[in-house]
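A.B. asks: Structure file work_3.cif (mmCIF, C-alpha atoms) is given on the next line.
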data_entry
loop_
_atom_site.group_PDB
_atom_site.id
_atom_site.type_symbol
_atom_site.label_atom_id
_atom_site.label_comp_id
_atom_site.auth_asym_id
_atom_site.auth_seq_id
_atom_site.Cartn_x
_atom_site.Cartn_y
_atom_site.Cartn_z
ATOM 1 C CA MET A 1 1.247 -17.209 19.817
ATOM 2 C CA ALA A 2 -0.295 -14.035 18.450
ATOM 3 C CA THR A 3 0.798 -11.869 15.586
ATOM 4 C CA SER A 4 1.092 -8.139 15.927
ATOM 5 C CA ASP A 5 -2.416 -7.739 14.633
ATOM 6 C CA GLY A 6 -3.785 -10.037 17.258
ATOM 7 C CA ARG A 7 -4.776 -13.188 15.404
ATOM 8 C CA ARG A 8 -3.642 -16.452 16.879
ATOM 9 C CA VAL A 9 -1.549 -18.567 14.561
ATOM 10 C CA ARG A 10 -0.223 -22.069 14.878
ATOM 11 C CA PRO A 11 2.985 -21.893 16.919
ATOM 12 C CA TYR A 12 5.126 -23.666 14.340
ATOM 13 C CA LEU A 13 4.141 -21.114 11.744
ATOM 14 C CA ALA A 14 5.515 -18.382 13.917
ATOM 15 C CA THR A 15 8.838 -19.980 14.841
ATOM 16 C CA ARG A 16 10.044 -21.750 11.746
ATOM 17 C CA GLY A 17 13.535 -20.460 10.965
ATOM 18 C CA ARG A 18 12.609 -16.981 9.741
ATOM 19 C CA THR A 19 15.572 -14.748 9.150
ATOM 20 C CA ARG A 20 14.006 -11.326 9.615
ATOM 21 C CA PRO A 21 11.151 -9.714 11.509
ATOM 22 C CA VAL A 22 7.853 -10.223 9.767
ATOM 23 C CA GLN A 23 7.019 -6.511 9.969
ATOM 24 C CA ASP A 24 10.032 -5.705 7.788
ATOM 25 C CA ILE A 25 8.285 -7.147 4.741
ATOM 26 C CA ALA A 26 6.813 -4.209 2.822
ATOM 27 C CA ILE A 27 3.148 -4.497 1.857
ATOM 28 C CA GLU A 28 4.135 -3.921 -1.786
ATOM 29 C CA ALA A 29 6.986 -6.465 -1.730
ATOM 30 C CA LEU A 30 6.523 -8.944 -4.579
ATOM 31 C CA VAL A 31 6.210 -12.625 -3.708
ATOM 32 C CA SER A 32 7.117 -15.214 -6.366
ATOM 33 C CA THR A 33 6.883 -18.981 -6.134
ATOM 34 C CA THR A 34 10.331 -20.486 -6.699
ATOM 35 C CA THR A 35 11.008 -23.626 -8.744
ATOM 36 C CA ASN A 36 11.232 -25.421 -5.400
ATOM 37 C CA GLY A 37 7.793 -24.065 -4.585
ATOM 38 C CA ARG A 38 6.410 -25.237 -7.913
ATOM 39 C CA ASP A 39 7.834 -28.715 -7.307
ATOM 40 C CA HIS A 40 6.648 -28.739 -3.696
ATOM 41 C CA GLY A 41 3.378 -30.572 -4.381
ATOM 42 C CA ALA A 42 0.190 -29.888 -2.464
ATOM 43 C CA ASP A 43 0.900 -28.300 0.878
ATOM 44 C CA PRO A 44 -1.187 -29.640 3.763
ATOM 45 C CA GLU A 45 -1.925 -26.087 4.879
ATOM 46 C CA PRO A 46 -4.626 -24.672 2.553
ATOM 47 C CA GLU A 47 -3.455 -21.059 2.883
ATOM 48 C CA ARG A 48 0.144 -21.992 2.065
ATOM 49 C CA GLU A 49 -1.053 -24.011 -0.876
ATOM 50 C CA ARG A 50 -3.073 -21.064 -2.167
ATOM 51 C CA ILE A 51 -0.126 -18.696 -1.859
ATOM 52 C CA LEU A 52 2.187 -21.087 -3.739
ATOM 53 C CA ARG A 53 -0.316 -21.309 -6.598
ATOM 54 C CA LEU A 54 -1.172 -17.612 -6.618
ATOM 55 C CA CYS A 55 2.422 -16.427 -6.756
ATOM 56 C CA HIS A 56 3.348 -18.228 -9.958
ATOM 57 C CA SER A 57 2.971 -14.663 -11.192
ATOM 58 C CA PRO A 58 4.520 -12.229 -8.720
ATOM 59 C CA ARG A 59 2.021 -10.683 -6.284
ATOM 60 C CA SER A 60 2.474 -8.147 -3.533
ATOM 61 C CA VAL A 61 2.038 -9.164 0.087
ATOM 62 C CA ALA A 62 -1.088 -6.978 0.166
ATOM 63 C CA GLU A 63 -2.560 -8.909 -2.791
ATOM 64 C CA VAL A 64 -1.713 -12.215 -1.130
ATOM 65 C CA ALA A 65 -3.586 -11.116 1.997
ATOM 66 C CA ALA A 66 -6.597 -9.864 0.036
ATOM 67 C CA ILE A 67 -6.902 -12.854 -2.303
ATOM 68 C CA VAL A 68 -6.187 -15.559 0.288
ATOM 69 C CA SER A 69 -8.538 -13.707 2.695
ATOM 70 C CA THR A 70 -6.206 -13.468 5.652
ATOM 71 C CA PRO A 71 -5.397 -10.373 7.667
ATOM 72 C CA LEU A 72 -2.200 -8.652 6.560
ATOM 73 C CA GLY A 73 -0.235 -9.785 9.615
ATOM 74 C CA VAL A 74 -1.081 -13.435 9.005
ATOM 75 C CA ALA A 75 -0.164 -13.177 5.326
ATOM 76 C CA ARG A 76 3.216 -11.763 6.330
ATOM 77 C CA VAL A 77 3.888 -14.709 8.651
ATOM 78 C CA LEU A 78 2.883 -17.242 5.995
ATOM 79 C CA VAL A 79 5.005 -15.533 3.329
ATOM 80 C CA ALA A 80 8.013 -15.225 5.634
ATOM 81 C CA ASP A 81 7.816 -18.925 6.458
ATOM 82 C CA LEU A 82 7.505 -19.949 2.823
ATOM 83 C CA GLU A 83 10.512 -17.726 2.104
ATOM 84 C CA SER A 84 12.586 -19.380 4.826
ATOM 85 C CA GLU A 85 11.798 -22.742 3.208
ATOM 86 C CA ASN A 86 12.877 -21.372 -0.197
ATOM 87 C CA LEU A 87 9.405 -22.031 -1.615
ATOM 88 C CA VAL A 88 8.826 -18.361 -2.459
ATOM 89 C CA ARG A 89 11.099 -15.420 -3.010
ATOM 90 C CA VAL A 90 10.275 -11.990 -1.628
ATOM 91 C CA ALA A 91 11.587 -9.083 -3.691
ATOM 92 C CA ASP A 92 11.658 -6.396 -1.057
ATOM 93 C CA PRO A 93 12.013 -3.029 -2.790
ATOM 94 C CA HIS A 94 13.546 -1.403 0.269
ATOM 95 C CA ALA A 95 16.199 -4.078 0.646
ATOM 96 C CA ALA A 96 17.133 -3.825 -3.033
ATOM 97 C CA TYR A 97 17.637 -0.073 -2.816
ATOM 98 C CA ALA A 98 18.994 0.374 0.667
ATOM 99 C CA GLY A 99 19.649 3.817 2.054
ATOM 100 C CA SER A 100 19.268 7.078 0.206
ATOM 101 C CA SER A 101 18.811 5.405 -3.166
ATOM 102 C CA GLU A 102 15.635 3.560 -2.161
ATOM 103 C CA PRO A 103 13.329 3.384 -5.192
ATOM 104 C CA ALA A 104 11.003 6.151 -4.063
ATOM 105 C CA ARG A 105 14.004 8.552 -3.906
ATOM 106 C CA ASN A 106 15.791 7.267 -6.995
ATOM 107 C CA LEU A 107 15.468 9.614 -9.961
ATOM 108 C CA SER A 108 15.739 6.961 -12.662
ATOM 109 C CA VAL A 109 13.042 4.866 -10.977
ATOM 110 C CA LEU A 110 10.772 7.912 -10.677
ATOM 111 C CA GLU A 111 11.352 8.785 -14.339
ATOM 112 C CA ARG A 112 10.299 5.296 -15.338
ATOM 113 C CA VAL A 113 7.169 5.551 -13.163
ATOM 114 C CA ARG A 114 6.276 8.943 -14.668
ATOM 115 C CA ASP A 115 6.815 7.746 -18.229
ATOM 116 C CA GLY A 116 4.875 4.560 -17.562
ATOM 117 C CA LEU A 117 1.932 6.554 -16.199
ATOM 118 C CA ARG A 118 1.964 8.854 -19.226
ATOM 119 C CA ARG A 119 1.780 5.860 -21.557
ATOM 120 C CA LEU A 120 -1.293 4.385 -19.856
ATOM 121 C CA MET B 24 11.666 -10.588 -17.532
ATOM 122 C CA ALA B 25 7.951 -10.734 -18.122
ATOM 123 C CA PHE B 26 5.966 -9.755 -15.083
ATOM 124 C CA VAL B 27 3.016 -11.951 -15.911
ATOM 125 C CA ASP B 28 3.562 -15.654 -15.295
ATOM 126 C CA SER B 29 7.311 -15.357 -15.312
ATOM 127 C CA GLU B 30 9.544 -18.213 -14.327
ATOM 128 C CA VAL B 31 11.241 -17.550 -11.041
ATOM 129 C CA SER B 32 14.319 -19.527 -10.222
ATOM 130 C CA GLY B 33 15.025 -20.938 -6.789
ATOM 131 C CA GLY B 34 18.319 -19.096 -6.794
ATOM 132 C CA THR B 35 19.191 -15.663 -5.550
ATOM 133 C CA ALA B 36 19.376 -13.633 -8.749
ATOM 134 C CA ALA B 37 17.710 -10.588 -7.245
ATOM 135 C CA ASP B 38 18.325 -8.533 -10.381
ATOM 136 C CA GLN B 39 15.635 -10.570 -12.153
ATOM 137 C CA ASP B 40 12.946 -9.443 -9.749
ATOM 138 C CA ALA B 41 10.413 -6.882 -10.820
ATOM 139 C CA LEU B 42 10.459 -3.702 -8.788
ATOM 140 C CA SER B 43 7.339 -2.621 -6.959
ATOM 141 C CA VAL B 44 6.671 0.954 -5.865
ATOM 142 C CA LYS B 45 3.670 2.592 -4.269
ATOM 143 C CA ILE B 46 1.726 5.804 -4.031
ATOM 144 C CA VAL B 47 -0.582 6.570 -1.120
ATOM 145 C CA VAL B 48 -4.091 7.924 -1.629
ATOM 146 C CA ALA B 49 -5.114 9.658 1.588
ATOM 147 C CA GLY B 50 -8.098 11.699 2.702
ATOM 148 C CA GLY B 51 -11.216 11.586 4.775
ATOM 149 C CA PHE B 52 -13.950 8.985 4.797
ATOM 150 C CA GLY B 53 -16.075 9.031 1.646
ATOM 151 C CA VAL B 54 -13.894 11.491 -0.257
ATOM 152 C CA GLY B 55 -13.477 9.099 -3.197
ATOM 153 C CA LYS B 56 -10.189 7.299 -2.496
ATOM 154 C CA THR B 57 -11.358 3.919 -3.754
ATOM 155 C CA THR B 58 -12.979 5.547 -6.805
ATOM 156 C CA PHE B 59 -9.674 7.293 -7.524
ATOM 157 C CA VAL B 60 -7.726 4.024 -7.224
ATOM 158 C CA GLY B 61 -10.276 2.147 -9.341
ATOM 159 C CA ALA B 62 -10.098 4.704 -12.158
ATOM 160 C CA VAL B 63 -6.555 3.655 -13.101
ATOM 161 C CA SER B 64 -6.083 0.226 -11.533
ATOM 162 C CA GLU B 65 -5.796 -2.759 -13.888
ATOM 163 C CA ILE B 66 -7.595 -4.880 -11.300
ATOM 164 C CA GLU B 67 -10.781 -4.216 -9.385
ATOM 165 C CA PRO B 68 -9.565 -2.546 -6.189
ATOM 166 C CA LEU B 69 -8.777 -5.202 -3.604
ATOM 167 C CA ARG B 70 -9.366 -4.887 0.091
ATOM 168 C CA THR B 71 -6.888 -6.052 2.661
ATOM 169 C CA GLU B 72 -7.540 -6.034 6.350
ATOM 170 C CA ALA B 73 -5.526 -5.805 9.510
ATOM 171 C CA LEU B 74 -6.802 -6.675 12.930
ATOM 172 C CA MET B 75 -6.269 -4.476 15.892
ATOM 173 C CA THR B 76 -6.951 -5.559 19.429
ATOM 174 C CA GLU B 77 -8.386 -2.849 21.612
ATOM 175 C CA ALA B 78 -8.427 -3.311 25.354
ATOM 176 C CA SER B 79 -11.495 -1.993 27.103
ATOM 177 C CA THR B 80 -12.709 -2.454 30.641
ATOM 178 C CA SER B 81 -16.390 -2.964 31.095
ATOM 179 C CA VAL B 82 -17.966 -1.387 34.163
ATOM 180 C CA ASP B 83 -20.201 -4.419 34.534
ATOM 181 C CA ASP B 84 -17.262 -6.757 34.681
ATOM 182 C CA LEU B 85 -16.782 -7.466 38.395
ATOM 183 C CA SER B 86 -13.510 -9.244 37.784
ATOM 184 C CA MET B 87 -12.176 -6.007 36.258
ATOM 185 C CA LEU B 88 -10.349 -8.035 33.649
ATOM 186 C CA PRO B 89 -9.864 -6.002 30.536
ATOM 187 C CA GLU B 90 -12.090 -7.189 27.769
ATOM 188 C CA LYS B 91 -10.414 -7.414 24.427
ATOM 189 C CA ARG B 92 -12.253 -6.267 21.375
ATOM 190 C CA THR B 93 -10.923 -6.803 17.885
ATOM 191 C CA THR B 94 -11.395 -4.105 15.297
ATOM 192 C CA THR B 95 -10.863 -4.660 11.611
ATOM 193 C CA VAL B 96 -9.094 -1.925 9.677
ATOM 194 C CA ALA B 97 -9.594 -2.099 5.930
ATOM 195 C CA MET B 98 -7.694 -0.478 3.116
ATOM 196 C CA ASP B 99 -8.367 -0.687 -0.587
ATOM 197 C CA PHE B 100 -5.638 -0.826 -3.165
ATOM 198 C CA GLY B 101 -5.042 -1.226 -6.876
ATOM 199 C CA ARG B 102 -2.216 -2.199 -9.202
ATOM 200 C CA ILE B 103 -0.778 -0.743 -12.405
ATOM 201 C CA THR B 104 1.844 -2.711 -14.338
ATOM 202 C CA LEU B 105 3.993 0.057 -15.830
ATOM 203 C CA ALA B 106 6.564 -2.194 -17.506
ATOM 204 C CA ASP B 107 7.558 -5.843 -17.539
ATOM 205 C CA ASP B 108 9.685 -5.232 -14.484
ATOM 206 C CA LEU B 109 7.926 -2.308 -12.795
ATOM 207 C CA VAL B 110 4.658 -2.378 -10.850
ATOM 208 C CA LEU B 111 2.950 0.546 -9.161
ATOM 209 C CA TYR B 112 0.540 -0.035 -6.280
ATOM 210 C CA LEU B 113 -1.956 2.580 -5.121
ATOM 211 C CA PHE B 114 -2.902 2.215 -1.478
ATOM 212 C CA GLY B 115 -5.890 3.995 -0.016
ATOM 213 C CA THR B 116 -5.606 4.852 3.655
ATOM 214 C CA PRO B 117 -8.255 3.673 6.117
ATOM 215 C CA GLY B 118 -11.092 6.179 6.281
ATOM 216 C CA GLN B 119 -10.989 6.598 10.011
ATOM 217 C CA ASN B 120 -8.050 8.682 11.040
ATOM 218 C CA ARG B 121 -7.554 6.941 14.356
ATOM 219 C CA PHE B 122 -5.894 3.949 12.700
ATOM 220 C CA TRP B 123 -2.527 5.643 12.382
ATOM 221 C CA PHE B 124 -0.581 2.416 12.943
ATOM 222 C CA MET B 125 -1.803 1.259 9.554
ATOM 223 C CA TRP B 126 -0.582 4.459 7.911
ATOM 224 C CA ASP B 127 3.029 3.692 8.843
ATOM 225 C CA ASP B 128 2.818 0.434 6.875
ATOM 226 C CA ILE B 129 1.205 2.139 3.909
ATOM 227 C CA THR B 130 3.488 5.156 3.706
ATOM 228 C CA HIS B 131 6.861 3.519 4.449
ATOM 229 C CA GLY B 132 8.957 3.863 1.307
ATOM 230 C CA ALA B 133 6.149 5.404 -0.740
ATOM 231 C CA ILE B 134 6.893 7.732 -3.670
ATOM 232 C CA GLY B 135 4.430 10.170 -2.181
ATOM 233 C CA ALA B 136 0.832 10.800 -1.258
ATOM 234 C CA VAL B 137 -2.210 12.223 -2.992
ATOM 235 C CA VAL B 138 -4.332 13.945 -0.351
ATOM 236 C CA LEU B 139 -7.823 13.877 -1.776
ATOM 237 C CA VAL B 140 -10.029 16.709 -0.560
ATOM 238 C CA ASP B 141 -13.757 17.377 -0.697
ATOM 239 C CA THR B 142 -13.927 21.151 -0.316
ATOM 240 C CA ARG B 143 -17.403 20.857 1.225
ATOM 241 C CA ARG B 144 -15.812 18.943 4.103
ATOM 242 C CA LEU B 145 -12.396 20.510 4.298
ATOM 243 C CA ALA B 146 -11.677 19.497 7.892
ATOM 244 C CA ASP B 147 -11.775 15.810 6.950
ATOM 245 C CA CYS B 148 -8.332 16.089 5.349
ATOM 246 C CA PHE B 149 -6.546 17.819 8.238
ATOM 247 C CA GLY B 150 -5.357 14.552 9.771
ATOM 248 C CA ALA B 151 -3.917 13.287 6.493
ATOM 249 C CA ILE B 152 -2.099 16.565 5.786
ATOM 250 C CA ASP B 153 -0.635 16.704 9.297
ATOM 251 C CA TYR B 154 0.585 13.137 8.915
ATOM 252 C CA VAL B 155 2.374 13.553 5.574
ATOM 253 C CA GLU B 156 3.805 16.965 6.524
ATOM 254 C CA GLN B 157 5.246 15.705 9.795
ATOM 255 C CA ARG B 158 6.893 12.717 8.128
ATOM 256 C CA GLY B 159 8.253 14.635 5.157
ATOM 257 C CA ILE B 160 6.353 12.520 2.623
ATOM 258 C CA PRO B 161 6.113 14.271 -0.768
ATOM 259 C CA PHE B 162 2.445 15.101 -1.340
ATOM 260 C CA LEU B 163 0.011 17.113 -3.349
ATOM 261 C CA VAL B 164 -3.549 18.176 -2.657
ATOM 262 C CA ALA B 165 -6.164 17.019 -5.170
ATOM 263 C CA LEU B 166 -9.552 18.694 -4.925
ATOM 264 C CA ASN B 167 -12.116 16.120 -5.967
ATOM 265 C CA ALA B 168 -14.702 17.906 -8.081
ATOM 266 C CA PHE B 169 -17.847 15.942 -7.398
ATOM 267 C CA ASP B 170 -20.106 15.871 -10.443
ATOM 268 C CA GLY B 171 -17.353 17.662 -12.314
ATOM 269 C CA VAL B 172 -17.916 20.879 -10.399
ATOM 270 C CA GLN B 173 -15.239 22.518 -8.278
ATOM 271 C CA GLU B 174 -17.028 25.205 -6.322
ATOM 272 C CA HIS B 175 -14.100 26.737 -4.486
ATOM 273 C CA ASP B 176 -11.119 28.602 -5.835
ATOM 274 C CA VAL B 177 -7.947 26.553 -5.553
ATOM 275 C CA GLU B 178 -5.928 29.350 -3.973
ATOM 276 C CA ASP B 179 -8.675 29.984 -1.420
ATOM 277 C CA VAL B 180 -8.473 26.337 -0.406
ATOM 278 C CA ARG B 181 -4.678 26.558 -0.191
ATOM 279 C CA ASP B 182 -5.025 29.543 2.135
ATOM 280 C CA ALA B 183 -7.641 27.783 4.227
ATOM 281 C CA LEU B 184 -5.364 24.769 4.626
ATOM 282 C CA GLN B 185 -2.343 27.010 5.257
ATOM 283 C CA ILE B 186 -0.187 25.137 2.778
ATOM 284 C CA GLY B 187 2.694 26.900 1.059
ATOM 285 C CA PRO B 188 3.188 27.387 -2.687
ATOM 286 C CA GLU B 189 5.726 24.537 -2.889
ATOM 287 C CA VAL B 190 2.944 21.942 -2.600
ATOM 288 C CA PRO B 191 1.048 21.343 -5.870
ATOM 289 C CA PHE B 192 -2.735 21.783 -5.815
ATOM 290 C CA VAL B 193 -4.781 20.189 -8.578
ATOM 291 C CA VAL B 194 -8.455 19.755 -9.357
ATOM 292 C CA THR B 195 -9.468 16.236 -10.306
ATOM 293 C CA ASP B 196 -12.453 14.064 -11.021
ATOM 294 C CA ALA B 197 -11.717 10.783 -9.248
ATOM 295 C CA ARG B 198 -13.983 8.902 -11.650
ATOM 296 C CA GLU B 199 -12.010 9.914 -14.737
ATOM 297 C CA ARG B 200 -9.016 7.843 -15.704
ATOM 298 C CA GLU B 201 -7.248 10.656 -17.593
ATOM 299 C CA SER B 202 -7.768 13.057 -14.724
ATOM 300 C CA VAL B 203 -6.364 10.585 -12.198
ATOM 301 C CA LYS B 204 -3.364 9.907 -14.453
ATOM 302 C CA VAL B 205 -2.555 13.633 -14.513
ATOM 303 C CA VAL B 206 -2.677 13.759 -10.707
ATOM 304 C CA LEU B 207 -0.308 10.806 -10.397
ATOM 305 C CA VAL B 208 2.148 12.212 -12.972
ATOM 306 C CA THR B 209 2.084 15.565 -11.145
ATOM 307 C CA LEU B 210 2.868 13.834 -7.849
ATOM 308 C CA VAL B 211 5.779 11.844 -9.312
ATOM 309 C CA GLU B 212 7.204 15.019 -10.890
ATOM 310 C CA HIS B 213 6.862 16.795 -7.550
ATOM 311 C CA ALA B 214 8.737 13.947 -5.816
ATOM 312 C CA MET B 215 11.457 14.227 -8.498
ATOM 313 C CA SER B 216 11.780 17.977 -7.969
ATOM 314 C CA LEU B 217 12.329 17.421 -4.254
ATOM 315 C CA ILE B 218 15.264 15.134 -5.022
ATOM 316 C CA GLN B 219 16.755 17.511 -7.556
ATOM 317 C CA GLN B 220 16.515 20.458 -5.159
ATOM 318 C CA PRO B 221 17.427 19.054 -1.755
#
Write out the structure in this file as structure tokens.
C.D. replies:
Amino acid sequence: MATSDGRRVRPYLATRGRTRPVQDIAIEALVSTTTNGRDHGADPEPERERILRLCHSPRSVAEVAAIVSTPLGVARVLVADLESENLVRVADPHAAYAGSSEPARNLSVLERVRDGLRRL
Amino acid sequence: MAFVDSEVSGGTAADQDALSVKIVVAGGFGVGKTTFVGAVSEIEPLRTEALMTEASTSVDDLSMLPEKRTTTVAMDFGRITLADDLVLYLFGTPGQNRFWFMWDDITHGAIGAVVLVDTRRLADCFGAIDYVEQRGIPFLVALNAFDGVQEHDVEDVRDALQIGPEVPFVVTDARERESVKVVLVTLVEHAMSLIQQP
């Protein structure tokens, strides 16, 4: 089984009850470990274990990939699987603001971004 | 909800989630994208990689089986926590323009793009400008004044790039935090103006 970016992954990682295509997860989507994930105990897979610890504070999928040192495509698969097991939650900005009011085209969101940048 | 070390329930209360948005920093190789990101990022710019498999057939290979070669595409990015529940990511595009597949990931749903330009190597930004123009991504052109010196007149550069007056042009120093902030605010205001005047 190969991901879209070519790396081979363990077959069970790629088939475990995911509910959406891996590529639909935005690179800036925030991943948070759920209470289930915190109570999960040590995961036998080191990368999964690292993600569960890392995402006690929300991190984007891109950060997960960079910090866990996996290619982006692999990080997406791991995150999607953890999500399907309810061990992490993925706050996908595009899902939250579907259609024309997606955050990048939402005036109140843009105002908050502008004001936040000015305050830096 | 505090962004840092917040408790996240196992439930489905999506309204508790912080919102993440992104701005793209595009431009040619060596134009200062990572410097630009690093000037305002609260973390050292991180690097994430994607793998791309390229098929190539070697002339020496008598079996004529295509030989697969894996290329790593890297992009650097930074993070700015703007509020407890609002995070801005800055994604630099890969330096080599041939990795367009990666650009789709980076630009999808972005507020807009800063096209960083070194006026001594103007042609390096053509690919980035074509990309954002064709996809209707709000963008501005930021002339990176290396060593604080901008040798070319802004309007001359606009003419050379054949970009209309509706696109903001700014001069920046990618090393300077205040300068980079101004560029980002200008881009967000430009994106807002495009919504207000459809």
A.B. asks: Please determine, counting only C-alpha atoms, which residue among A:Val61, A:Val74, A:Ala66, A:Val90 has the shortest atom-to-atom distance to chain B.
C.D. replies: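 When distances to chain B are compared using only C-alpha atoms, the smallest one comes from A:Ala66.
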A.B. asks: Output as a PyMOL selection string the set of chain A residues within 7 Å of chain B, with distances taken over all atoms listed in the file.
C.D. replies: chain A and resi 5-6+28-30+32-36+56-58+62+65-66+71-73+86+91+93+104-105+107+110+113-114+116-117
A.B. asks: On this structure, which residues satisfy the PyMOL selection byres ((chain B and resi 192) around 8), written as JSON, numbers by chain?
C.D. replies: {"B": [163, 164, 165, 166, 177, 181, 190, 191, 193, 194]}
A.B. asks: For CA of Gly187 in chain B and CA of His175 in chain B, determine how far apart the two atoms are, in Å to one decimal place.
C.D. replies: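 CA of Gly187 in chain B sits 17.7 Å away from CA of His175 in chain B.
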A.B. asks: Determine the nearest neighbour of Gly51 in chain B from the options B:Asp153, B:Glu189, B:Asp170, B:Asp147, counting all atoms listed in the file.
C.D. replies: B:Asp147
A.B. asks: For the PyMOL selection byres ((chain A and resi 85) around 10), applied here, can you spell out every residue it catches as a compact mmCIF listing (two decimals) with C-alpha atoms, in the frame of the given file?
C.D. replies:
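Everything below was put into expr_36.txt:
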# COMPACT_ATOMS: atom_id res chain seq x y z
CA ARG A 16 10.04 -21.75 11.75
CA GLY A 17 13.54 -20.46 10.96
CA ARG A 18 12.61 -16.98 9.74
CA ASN A 36 11.23 -25.42 -5.40
CA GLY A 37 7.79 -24.06 -4.58
CA VAL A 79 5.00 -15.53 3.33
CA ALA A 80 8.01 -15.22 5.63
CA ASP A 81 7.82 -18.92 6.46
CA LEU A 82 7.50 -19.95 2.82
CA GLU A 83 10.51 -17.73 2.10
CA SER A 84 12.59 -19.38 4.83
CA ASN A 86 12.88 -21.37 -0.20
CA LEU A 87 9.40 -22.03 -1.62
CA VAL A 88 8.83 -18.36 -2.46
CA ARG A 89 11.10 -15.42 -3.01
A.B. asks: One number please: CA of Val180 in chain B to CA of Ala62 in chain B, in Å, one decimal.
C.D. replies: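 Separation of CA of Val180 in chain B and CA of Ala62 in chain B: 24.7 Å.
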A.B. asks: What does the distance between CA of Gln185 in chain B and CA of Val47 in chain B come to in Å, to one decimal place?
C.D. replies: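 If I compute the distance from CA of Gln185 in chain B to CA of Val47 in chain B, I get 21.5 Å.
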